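A.B. asks: Got data_3.tsv for you, TSV, N, CA and C atoms:
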```tsv
chain	number	residue	atom	x	y	z
L	1187	MET	N	-117.39	128.21	58.11
L	1187	MET	CA	-118.11	128.72	56.97
L	1187	MET	C	-118.37	127.58	56.00
L	1188	ILE	N	-119.57	127.55	55.48
L	1188	ILE	CA	-119.96	126.56	54.47
L	1188	ILE	C	-120.40	127.34	53.24
L	1189	ARG	N	-119.80	127.02	52.10
L	1189	ARG	CA	-120.12	127.71	50.84
L	1189	ARG	C	-121.25	126.96	50.15
L	1190	THR	N	-122.43	127.59	50.06
L	1190	THR	CA	-123.58	126.98	49.41
L	1190	THR	C	-123.88	127.71	48.10
L	1191	VAL	N	-124.80	127.17	47.33
L	1191	VAL	CA	-125.17	127.78	46.05
L	1191	VAL	C	-125.91	129.10	46.23
L	1192	THR	N	-126.38	129.37	47.43
L	1192	THR	CA	-127.05	130.65	47.70
L	1192	THR	C	-126.17	131.62	48.48
L	1193	GLY	N	-124.94	131.20	48.79
L	1193	GLY	CA	-124.02	132.05	49.53
L	1193	GLY	C	-123.41	131.32	50.71
L	1194	ASP	N	-122.46	131.97	51.34
L	1194	ASP	CA	-121.78	131.37	52.49
L	1194	ASP	C	-122.66	131.45	53.73
L	1195	ILE	N	-122.64	130.37	54.51
L	1195	ILE	CA	-123.39	130.33	55.76
L	1195	ILE	C	-122.45	129.91	56.88
L	1196	ALA	N	-122.82	130.26	58.10
L	1196	ALA	CA	-121.96	129.97	59.25
L	1196	ALA	C	-121.98	128.50	59.64
L	1197	GLY	N	-123.07	127.83	59.41
L	1197	GLY	CA	-123.16	126.43	59.79
L	1197	GLY	C	-124.50	125.84	59.39
L	1198	VAL	N	-124.66	124.56	59.69
L	1198	VAL	CA	-125.88	123.84	59.37
L	1198	VAL	C	-126.36	123.16	60.65
L	1199	HIS	N	-127.63	123.32	60.94
L	1199	HIS	CA	-128.21	122.69	62.12
L	1199	HIS	C	-129.27	121.70	61.66
L	1200	GLY	N	-128.89	120.45	61.61
L	1200	GLY	CA	-129.79	119.41	61.14
L	1200	GLY	C	-129.01	118.36	60.37
L	1201	ARG	N	-129.74	117.49	59.74
L	1201	ARG	CA	-129.12	116.40	58.99
L	1201	ARG	C	-128.55	116.89	57.67
L	1202	ILE	N	-127.45	116.24	57.26
L	1202	ILE	CA	-126.79	116.57	56.00
L	1202	ILE	C	-126.63	115.29	55.19
L	1203	LEU	N	-127.01	115.36	53.91
L	1203	LEU	CA	-126.75	114.26	52.97
L	1203	LEU	C	-125.49	114.65	52.20
L	1204	ALA	N	-124.45	113.84	52.34
L	1204	ALA	CA	-123.12	114.23	51.87
L	1204	ALA	C	-122.83	113.88	50.41
L	1205	HIS	N	-123.64	113.04	49.78
L	1205	HIS	CA	-123.37	112.66	48.38
L	1205	HIS	C	-124.68	112.41	47.67
L	1206	GLU	N	-125.17	113.46	47.02
L	1206	GLU	CA	-126.43	113.36	46.30
L	1206	GLU	C	-126.28	113.96	44.90
L	1207	HIS	N	-127.30	113.75	44.08
L	1207	HIS	CA	-127.35	114.30	42.74
L	1207	HIS	C	-128.76	114.85	42.51
L	1208	LEU	N	-128.92	116.15	42.71
L	1208	LEU	CA	-130.22	116.77	42.50
L	1208	LEU	C	-130.47	117.05	41.03
L	1209	GLN	N	-129.42	117.17	40.27
L	1209	GLN	CA	-129.45	117.33	38.82
L	1209	GLN	C	-128.32	116.46	38.29
L	1210	ILE	N	-128.59	115.56	37.38
L	1210	ILE	CA	-127.54	114.70	36.83
L	1210	ILE	C	-128.00	114.16	35.49
L	1211	ASP	N	-127.05	113.92	34.63
L	1211	ASP	CA	-127.38	113.36	33.31
L	1211	ASP	C	-126.38	112.26	32.98
L	1212	LEU	N	-126.81	111.03	33.19
L	1212	LEU	CA	-125.99	109.86	32.87
L	1212	LEU	C	-126.52	109.16	31.62
L	1213	SER	N	-127.33	109.86	30.84
L	1213	SER	CA	-127.95	109.22	29.69
L	1213	SER	C	-126.93	108.73	28.66
L	1214	ALA	N	-125.81	109.41	28.51
L	1214	ALA	CA	-124.80	108.97	27.55
L	1214	ALA	C	-124.17	107.64	27.96
L	1215	GLN	N	-124.08	107.40	29.26
L	1215	GLN	CA	-123.47	106.17	29.76
L	1215	GLN	C	-124.48	105.06	30.02
L	1216	LYS	N	-125.70	105.45	30.47
L	1216	LYS	CA	-126.63	104.44	30.97
L	1216	LYS	C	-128.01	104.47	30.34
L	1217	GLY	N	-128.22	105.34	29.34
L	1217	GLY	CA	-129.51	105.40	28.68
L	1217	GLY	C	-130.35	106.57	29.14
L	1218	PRO	N	-131.41	106.89	28.37
L	1218	PRO	CA	-132.18	108.12	28.59
L	1218	PRO	C	-132.94	108.18	29.91
L	1219	ALA	N	-133.18	107.07	30.54
L	1219	ALA	CA	-133.91	107.09	31.81
L	1219	ALA	C	-133.05	107.56	32.97
L	1220	ASN	N	-131.76	107.74	32.75
L	1220	ASN	CA	-130.82	108.10	33.82
L	1220	ASN	C	-130.50	109.59	33.78
L	1221	ARG	N	-131.55	110.37	33.94
L	1221	ARG	CA	-131.40	111.82	33.90
L	1221	ARG	C	-132.36	112.44	34.89
L	1222	ILE	N	-131.85	113.38	35.68
L	1222	ILE	CA	-132.69	114.21	36.54
L	1222	ILE	C	-132.40	115.64	36.12
L	1223	GLY	N	-133.37	116.28	35.51
L	1223	GLY	CA	-133.17	117.63	34.97
L	1223	GLY	C	-134.34	118.53	35.27
L	1224	GLU	N	-134.55	119.49	34.39
L	1224	GLU	CA	-135.59	120.50	34.58
L	1224	GLU	C	-136.98	119.87	34.73
L	1225	ALA	N	-137.26	118.82	33.98
L	1225	ALA	CA	-138.58	118.19	34.05
L	1225	ALA	C	-138.86	117.58	35.43
L	1226	GLU	N	-137.82	117.23	36.13
L	1226	GLU	CA	-137.97	116.59	37.46
L	1226	GLU	C	-137.79	117.58	38.61
L	1227	LYS	N	-137.52	118.85	38.30
L	1227	LYS	CA	-137.18	119.83	39.34
L	1227	LYS	C	-138.25	119.92	40.43
L	1228	GLN	N	-139.51	120.02	40.06
L	1228	GLN	CA	-140.54	120.17	41.08
L	1228	GLN	C	-140.62	118.95	41.99
L	1229	ALA	N	-140.46	117.75	41.44
L	1229	ALA	CA	-140.45	116.54	42.27
L	1229	ALA	C	-139.27	116.56	43.24
L	1230	VAL	N	-138.11	117.03	42.78
L	1230	VAL	CA	-136.94	117.14	43.66
L	1230	VAL	C	-137.22	118.13	44.78
L	1231	VAL	N	-137.78	119.29	44.44
L	1231	VAL	CA	-138.12	120.29	45.45
L	1231	VAL	C	-139.11	119.73	46.46
L	1232	ASP	N	-140.15	119.04	45.97
L	1232	ASP	CA	-141.15	118.45	46.87
L	1232	ASP	C	-140.51	117.43	47.81
L	1233	ASP	N	-139.64	116.58	47.27
L	1233	ASP	CA	-138.96	115.58	48.11
L	1233	ASP	C	-138.10	116.26	49.17
L	1234	LEU	N	-137.38	117.31	48.78
L	1234	LEU	CA	-136.54	118.02	49.74
L	1234	LEU	C	-137.36	118.71	50.83
L	1235	ARG	N	-138.48	119.29	50.44
L	1235	ARG	CA	-139.36	119.91	51.45
L	1235	ARG	C	-139.84	118.89	52.46
L	1236	HIS	N	-140.21	117.72	51.97
L	1236	HIS	CA	-140.63	116.64	52.88
L	1236	HIS	C	-139.47	116.22	53.77
L	1237	ALA	N	-138.29	116.04	53.18
L	1237	ALA	CA	-137.12	115.65	53.97
L	1237	ALA	C	-136.76	116.72	55.00
L	1238	LYS	N	-136.97	117.98	54.65
L	1238	LYS	CA	-136.71	119.08	55.59
L	1238	LYS	C	-137.62	118.95	56.82
L	1239	GLU	N	-138.86	118.57	56.59
L	1239	GLU	CA	-139.79	118.35	57.71
L	1239	GLU	C	-139.28	117.26	58.66
L	1240	LEU	N	-138.47	116.35	58.11
L	1240	LEU	CA	-137.91	115.25	58.91
L	1240	LEU	C	-136.51	115.56	59.43
L	1241	GLY	N	-136.05	116.81	59.24
L	1241	GLY	CA	-134.77	117.22	59.82
L	1241	GLY	C	-133.64	117.48	58.85
L	1242	LEU	N	-133.86	117.31	57.55
L	1242	LEU	CA	-132.79	117.58	56.60
L	1242	LEU	C	-132.49	119.07	56.55
L	1243	ALA	N	-131.21	119.42	56.63
L	1243	ALA	CA	-130.80	120.83	56.58
L	1243	ALA	C	-129.96	121.16	55.37
L	1244	ALA	N	-129.20	120.16	54.86
L	1244	ALA	CA	-128.28	120.46	53.76
L	1244	ALA	C	-127.97	119.22	52.93
L	1245	ILE	N	-127.55	119.48	51.69
L	1245	ILE	CA	-127.17	118.43	50.76
L	1245	ILE	C	-125.90	118.87	50.05
L	1246	THR	N	-124.99	117.92	49.82
L	1246	THR	CA	-123.85	118.15	48.94
L	1246	THR	C	-124.15	117.46	47.63
L	1247	ASP	N	-124.23	118.25	46.55
L	1247	ASP	CA	-124.50	117.71	45.22
L	1247	ASP	C	-123.17	117.49	44.51
L	1248	LEU	N	-122.86	116.25	44.19
L	1248	LEU	CA	-121.57	115.91	43.59
L	1248	LEU	C	-121.65	115.68	42.08
L	1249	SER	N	-122.64	116.26	41.43
L	1249	SER	CA	-122.70	116.16	39.97
L	1249	SER	C	-121.53	116.93	39.37
L	1250	ALA	N	-120.97	116.38	38.32
L	1250	ALA	CA	-119.76	116.92	37.72
L	1250	ALA	C	-120.03	117.50	36.34
L	1251	PRO	N	-119.08	118.30	35.81
L	1251	PRO	CA	-119.21	118.77	34.43
L	1251	PRO	C	-119.39	117.58	33.49
L	1252	ASP	N	-120.20	117.75	32.48
L	1252	ASP	CA	-120.56	116.71	31.51
L	1252	ASP	C	-121.43	115.61	32.13
L	1253	TRP	N	-121.86	115.79	33.35
L	1253	TRP	CA	-122.76	114.87	34.02
L	1253	TRP	C	-124.03	115.60	34.47
L	1254	GLY	N	-124.30	116.74	33.86
L	1254	GLY	CA	-125.52	117.47	34.18
L	1254	GLY	C	-125.40	118.44	35.33
L	1255	ARG	N	-124.19	118.73	35.78
L	1255	ARG	CA	-124.06	119.71	36.86
L	1255	ARG	C	-124.66	121.03	36.38
L	1256	ASN	N	-125.57	121.58	37.18
L	1256	ASN	CA	-126.28	122.80	36.81
L	1256	ASN	C	-126.43	123.67	38.05
L	1257	PRO	N	-125.44	124.51	38.33
L	1257	PRO	CA	-125.49	125.34	39.54
L	1257	PRO	C	-126.70	126.27	39.61
L	1258	VAL	N	-127.16	126.77	38.48
L	1258	VAL	CA	-128.33	127.66	38.48
L	1258	VAL	C	-129.56	126.88	38.95
L	1259	ALA	N	-129.74	125.68	38.45
L	1259	ALA	CA	-130.86	124.84	38.89
L	1259	ALA	C	-130.71	124.48	40.37
L	1260	LEU	N	-129.48	124.19	40.80
L	1260	LEU	CA	-129.26	123.88	42.21
L	1260	LEU	C	-129.65	125.05	43.10
L	1261	ARG	N	-129.33	126.27	42.67
L	1261	ARG	CA	-129.70	127.45	43.45
L	1261	ARG	C	-131.22	127.56	43.54
L	1262	ARG	N	-131.92	127.39	42.42
L	1262	ARG	CA	-133.39	127.47	42.43
L	1262	ARG	C	-133.99	126.39	43.33
L	1263	ILE	N	-133.47	125.18	43.24
L	1263	ILE	CA	-133.95	124.08	44.08
L	1263	ILE	C	-133.74	124.41	45.55
L	1264	SER	N	-132.55	124.88	45.89
L	1264	SER	CA	-132.23	125.22	47.27
L	1264	SER	C	-133.17	126.30	47.80
L	1265	GLU	N	-133.37	127.35	47.03
L	1265	GLU	CA	-134.25	128.44	47.45
L	1265	GLU	C	-135.69	127.97	47.62
L	1266	GLN	N	-136.17	127.17	46.70
L	1266	GLN	CA	-137.57	126.72	46.76
L	1266	GLN	C	-137.80	125.70	47.86
L	1267	ALA	N	-136.80	124.85	48.12
L	1267	ALA	CA	-136.97	123.80	49.13
L	1267	ALA	C	-136.61	124.26	50.53
L	1268	GLY	N	-135.81	125.33	50.63
L	1268	GLY	CA	-135.36	125.79	51.94
L	1268	GLY	C	-134.29	124.90	52.55
L	1269	VAL	N	-133.55	124.21	51.70
L	1269	VAL	CA	-132.47	123.33	52.14
L	1269	VAL	C	-131.16	123.85	51.54
L	1270	ALA	N	-130.12	123.95	52.35
L	1270	ALA	CA	-128.82	124.40	51.85
L	1270	ALA	C	-128.25	123.35	50.90
L	1271	VAL	N	-127.67	123.81	49.78
L	1271	VAL	CA	-127.06	122.90	48.80
L	1271	VAL	C	-125.64	123.37	48.54
L	1272	VAL	N	-124.70	122.44	48.62
L	1272	VAL	CA	-123.31	122.69	48.30
L	1272	VAL	C	-123.02	122.04	46.95
L	1273	CYS	N	-122.44	122.81	46.03
L	1273	CYS	CA	-122.10	122.34	44.69
L	1273	CYS	C	-120.62	121.93	44.66
L	1274	ALA	N	-120.31	120.91	43.88
L	1274	ALA	CA	-118.94	120.39	43.81
L	1274	ALA	C	-118.16	120.96	42.63
L	1275	ALA	N	-116.89	121.26	42.88
L	1275	ALA	CA	-115.94	121.59	41.83
L	1275	ALA	C	-115.20	120.31	41.47
L	1276	GLY	N	-114.58	120.29	40.30
L	1276	GLY	CA	-113.75	119.15	39.94
L	1276	GLY	C	-114.31	118.36	38.79
L	1277	PHE	N	-113.70	117.22	38.55
L	1277	PHE	CA	-113.99	116.41	37.38
L	1277	PHE	C	-114.18	114.96	37.78
L	1278	TYR	N	-114.92	114.23	36.96
L	1278	TYR	CA	-115.14	112.83	37.20
L	1278	TYR	C	-114.94	112.09	35.89
L	1279	TRP	N	-114.50	110.88	35.94
L	1279	TRP	CA	-114.24	110.09	34.74
L	1279	TRP	C	-115.55	109.52	34.17
L	1280	ASP	N	-115.49	109.10	32.93
L	1280	ASP	CA	-116.57	108.44	32.20
L	1280	ASP	C	-117.77	109.33	31.94
L	1281	PRO	N	-117.64	110.34	31.18
L	1281	PRO	CA	-116.45	110.75	30.46
L	1281	PRO	C	-115.73	111.88	31.20
L	1282	PHE	N	-114.40	111.89	31.08
L	1282	PHE	CA	-113.65	113.06	31.51
L	1282	PHE	C	-113.94	114.18	30.52
L	1283	PRO	N	-114.16	115.40	30.97
L	1283	PRO	CA	-114.24	116.50	30.03
L	1283	PRO	C	-112.90	116.65	29.30
L	1284	GLY	N	-112.92	117.19	28.10
L	1284	GLY	CA	-111.70	117.35	27.32
L	1284	GLY	C	-110.59	118.05	28.07
L	1285	VAL	N	-110.93	119.09	28.84
L	1285	VAL	CA	-109.89	119.81	29.57
L	1285	VAL	C	-109.22	118.93	30.62
L	1286	ALA	N	-109.93	117.96	31.16
L	1286	ALA	CA	-109.33	117.07	32.16
L	1286	ALA	C	-108.37	116.07	31.51
L	1287	ILE	N	-108.55	115.83	30.22
L	1287	ILE	CA	-107.65	114.92	29.49
L	1287	ILE	C	-106.48	115.69	28.91
L	1288	GLU	N	-106.78	116.81	28.28
L	1288	GLU	CA	-105.76	117.57	27.55
L	1288	GLU	C	-105.08	118.65	28.40
L	1289	GLY	N	-105.74	119.12	29.43
L	1289	GLY	CA	-105.22	120.24	30.22
L	1289	GLY	C	-104.07	119.84	31.13
L	1290	THR	N	-103.32	120.85	31.53
L	1290	THR	CA	-102.23	120.63	32.48
L	1290	THR	C	-102.82	120.57	33.89
L	1291	LEU	N	-102.04	120.07	34.80
L	1291	LEU	CA	-102.48	120.06	36.20
L	1291	LEU	C	-102.75	121.47	36.69
L	1292	GLU	N	-101.94	122.43	36.23
L	1292	GLU	CA	-102.12	123.82	36.63
L	1292	GLU	C	-103.45	124.36	36.11
L	1293	GLN	N	-103.82	124.00	34.87
L	1293	GLN	CA	-105.10	124.45	34.33
L	1293	GLN	C	-106.27	123.87	35.12
L	1294	LEU	N	-106.18	122.60	35.45
L	1294	LEU	CA	-107.24	121.96	36.23
L	1294	LEU	C	-107.35	122.60	37.62
L	1295	ARG	N	-106.19	122.84	38.22
L	1295	ARG	CA	-106.16	123.51	39.53
L	1295	ARG	C	-106.84	124.86	39.44
L	1296	ASP	N	-106.48	125.65	38.41
L	1296	ASP	CA	-107.03	126.99	38.26
L	1296	ASP	C	-108.53	126.98	38.03
L	1297	ILE	N	-109.02	126.01	37.28
L	1297	ILE	CA	-110.46	125.89	37.06
L	1297	ILE	C	-111.17	125.64	38.38
L	1298	MET	N	-110.65	124.70	39.17
L	1298	MET	CA	-111.31	124.39	40.45
L	1298	MET	C	-111.23	125.56	41.42
L	1299	ILE	N	-110.09	126.24	41.46
L	1299	ILE	CA	-109.97	127.41	42.34
L	1299	ILE	C	-110.96	128.48	41.92
L	1300	SER	N	-111.08	128.71	40.62
L	1300	SER	CA	-112.02	129.71	40.12
L	1300	SER	C	-113.46	129.33	40.46
L	1301	GLU	N	-113.81	128.05	40.34
L	1301	GLU	CA	-115.17	127.62	40.67
L	1301	GLU	C	-115.48	127.81	42.15
L	1302	ILE	N	-114.47	127.75	42.98
L	1302	ILE	CA	-114.66	127.94	44.42
L	1302	ILE	C	-114.63	129.42	44.79
L	1303	GLU	N	-113.72	130.18	44.20
L	1303	GLU	CA	-113.55	131.58	44.58
L	1303	GLU	C	-114.43	132.55	43.81
L	1304	THR	N	-114.73	132.26	42.53
L	1304	THR	CA	-115.43	133.21	41.67
L	1304	THR	C	-116.83	132.74	41.29
L	1305	GLY	N	-116.92	131.52	40.77
L	1305	GLY	CA	-118.21	130.99	40.35
L	1305	GLY	C	-118.05	130.01	39.20
L	1306	VAL	N	-119.12	129.31	38.91
L	1306	VAL	CA	-119.12	128.28	37.88
L	1306	VAL	C	-119.76	128.81	36.61
L	1307	GLY	N	-119.07	128.60	35.48
L	1307	GLY	CA	-119.66	128.88	34.17
L	1307	GLY	C	-120.19	130.28	33.98
L	1308	GLY	N	-119.48	131.28	34.47
L	1308	GLY	CA	-119.91	132.65	34.29
L	1308	GLY	C	-120.98	133.11	35.28
L	1309	THR	N	-121.32	132.28	36.26
L	1309	THR	CA	-122.27	132.68	37.30
L	1309	THR	C	-121.50	133.10	38.54
L	1310	ASP	N	-122.21	133.62	39.51
L	1310	ASP	CA	-121.60	133.93	40.80
L	1310	ASP	C	-121.82	132.79	41.81
L	1311	ILE	N	-122.28	131.66	41.31
L	1311	ILE	CA	-122.54	130.49	42.17
L	1311	ILE	C	-121.23	129.75	42.37
L	1312	ARG	N	-120.79	129.70	43.62
L	1312	ARG	CA	-119.47	129.13	43.92
L	1312	ARG	C	-119.60	127.73	44.53
L	1313	CYS	N	-118.64	126.91	44.18
L	1313	CYS	CA	-118.59	125.55	44.71
L	1313	CYS	C	-118.04	125.57	46.13
L	1314	GLY	N	-118.46	124.58	46.91
L	1314	GLY	CA	-118.02	124.52	48.30
L	1314	GLY	C	-117.31	123.24	48.65
L	1315	VAL	N	-117.13	122.35	47.68
L	1315	VAL	CA	-116.45	121.09	47.93
L	1315	VAL	C	-115.82	120.64	46.61
L	1316	ARG	N	-114.76	119.85	46.72
L	1316	ARG	CA	-114.11	119.33	45.53
L	1316	ARG	C	-114.62	117.93	45.25
L	1317	GLN	N	-115.05	117.72	44.03
L	1317	GLN	CA	-115.49	116.41	43.55
L	1317	GLN	C	-114.25	115.56	43.28
L	1318	GLY	N	-114.28	114.32	43.59
L	1318	GLY	CA	-113.16	113.45	43.27
L	1318	GLY	C	-113.66	112.12	42.75
L	1319	GLY	N	-113.09	111.68	41.65
L	1319	GLY	CA	-113.47	110.39	41.09
L	1319	GLY	C	-112.67	109.27	41.73
L	1320	ASN	N	-113.00	108.01	41.37
L	1320	ASN	CA	-112.26	106.89	41.92
L	1320	ASN	C	-110.97	106.65	41.17
L	1321	GLN	N	-110.74	107.35	40.08
L	1321	GLN	CA	-109.49	107.17	39.34
L	1321	GLN	C	-108.90	108.54	39.05
L	1322	SER	N	-107.60	108.65	39.16
L	1322	SER	CA	-106.97	109.90	38.75
L	1322	SER	C	-106.82	109.89	37.24
L	1323	ARG	N	-106.70	111.07	36.64
L	1323	ARG	CA	-106.56	111.11	35.18
L	1323	ARG	C	-105.24	110.52	34.75
L	1324	ARG	N	-104.24	110.54	35.60
L	1324	ARG	CA	-102.94	109.97	35.27
L	1324	ARG	C	-103.00	108.44	35.28
L	1325	ALA	N	-103.90	107.88	36.07
L	1325	ALA	CA	-103.97	106.42	36.19
L	1325	ALA	C	-104.70	105.78	35.02
L	1326	ARG	N	-105.44	106.53	34.27
L	1326	ARG	CA	-106.25	105.98	33.17
L	1326	ARG	C	-105.43	105.60	31.98
```
Please go through the file and, once you have read it, give me the structure as structure tokens.

C.D. replies:
Amino acid sequence: MIRTVTGDIAGVHGRILAHEHLQIDLSAQKGPANRIGEAEKQAVVDDLRHAKELGLAAITDLSAPDWGRNPVALRRISEQAGVAVVCAAGFYWDPFPGVAIEGTLEQLRDIMISEIETGVGGTDIRCGVRQGGNQSRRAR
């Protein structure tokens, strides 16, 4: 079973891109040109449709909270492009969200479990993979 932004599927037949960002906002770290958001959605859908013609079947989007992760947009992109999209749970550094700095390990665990089992940010869109940064919060 693969958990996608449109629901669980039995499998994927075709190419998979394992680390992509269909929606991301790095403008706070790298300037305003480093953002893929609503204004770019149609271009992303068009690119995915073209890639689907070449055999693309699925993408794992590893955008994190405070980095423009937008599960609702990912669902719309997936539906319009006809490509399965897996959304990531978890946190990434630079910047760590406040809860990742101040929260307990149990709180972080519970947030990720909820994003996988229930949904992200009050939606029914569930994550299918855990995001992991290159540094643990304890190492910082």

A.B. asks: For Arg1316 of chain L, please output as a list in words all residues within 6.5 Å (counting only N, CA and C atoms; exclusion window: fewer than 5 positions along the same chain).

C.D. replies: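 Final neighbour list, sorted by chain and number: Ala1274, Ala1275 and Gly1276 of chain L.
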
A.B. asks: Per residue of segment 1192-1272 of chain L within 12 Å of segment 1294-1303 of chain L, note the shortest atom pair and the distance in Å to one decimal, counting only C-alpha atoms, and order the rows by chain and increasing residue number, as JSON lines.

C.D. replies:
```
{"residue": "L:Gly1193", "atom": "CA", "partner": "L:Ile1302", "partner_atom": "CA", "distance": 11.4}
{"residue": "L:Asp1194", "atom": "CA", "partner": "L:Ile1302", "partner_atom": "CA", "distance": 11.3}
{"residue": "L:Ala1250", "atom": "CA", "partner": "L:Met1298", "partner_atom": "CA", "distance": 11.6}
{"residue": "L:Pro1251", "atom": "CA", "partner": "L:Met1298", "partner_atom": "CA", "distance": 11.4}
{"residue": "L:Pro1257", "atom": "CA", "partner": "L:Glu1301", "partner_atom": "CA", "distance": 10.6}
{"residue": "L:Val1272", "atom": "CA", "partner": "L:Ile1302", "partner_atom": "CA", "distance": 10.8}
```

A.B. asks: Please determine, counting only C-alpha atoms, which residue among L:Val1285, L:Ile1195, L:Val1230, L:Met1187 has the shortest atom-to-atom distance to His1207 of chain L.

C.D. replies: L:Val1230

A.B. asks: Dump as a list in words all residues having an atom at most 12 Å from (-136.6, 117.9, 55.4), computed in the file's coordinates with only C-alpha atoms.

C.D. replies: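 Selection result: His1199, Gly1200, Arg1201, Ile1202, Leu1203, Val1230, Val1231, Asp1232, Asp1233, Leu1234, Arg1235, His1236, Ala1237, Lys1238, Glu1239, Leu1240, Gly1241, Leu1242, Ala1243, Ala1244, Ile1245, Ser1264, Ala1267, Gly1268, Val1269 and Ala1270 of chain L.
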
A.B. asks: Please measure the separation of atom CA of Gly1254 of chain L and atom CA of Gln1209 of chain L, giving the value in Å to one decimal.

C.D. replies: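 We find that atom CA of Gly1254 of chain L and atom CA of Gln1209 of chain L lie 6.1 Å from each other.
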
A.B. asks: In Å, with one decimal, what is the gap from atom N of Gln1215 of chain L to atom CA of Ile1263 of chain L?

C.D. replies: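 According to the coordinates, atom N of Gln1215 of chain L and atom CA of Ile1263 of chain L are separated by 24.4 Å.
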
A.B. asks: In Å, how far is it from atom C of His1205 of chain L to atom C of Thr1246 of chain L?

C.D. replies: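 Atom-to-atom, atom C of His1205 of chain L and atom C of Thr1246 of chain L are spaced 5.1 Å apart.
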
A.B. asks: Give me, as a ChimeraX atom specification, all polymer residues having an atom no more than 10 Å from Glu1265 of chain L, counting only C-alpha atoms and skipping those fewer than 5 positions away in the same chain.

C.D. replies: /L:1191-1192,1231,1259-1260,1270-1271

A.B. asks: So, with all atoms listed in the file as the atoms that count, which of L:Ile1188, L:Pro1218, L:Glu1288, L:Asp1247 lies closest to Glu1206 of chain L?

C.D. replies: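 Closest residue, counting all atoms listed in the file: L:Asp1247.
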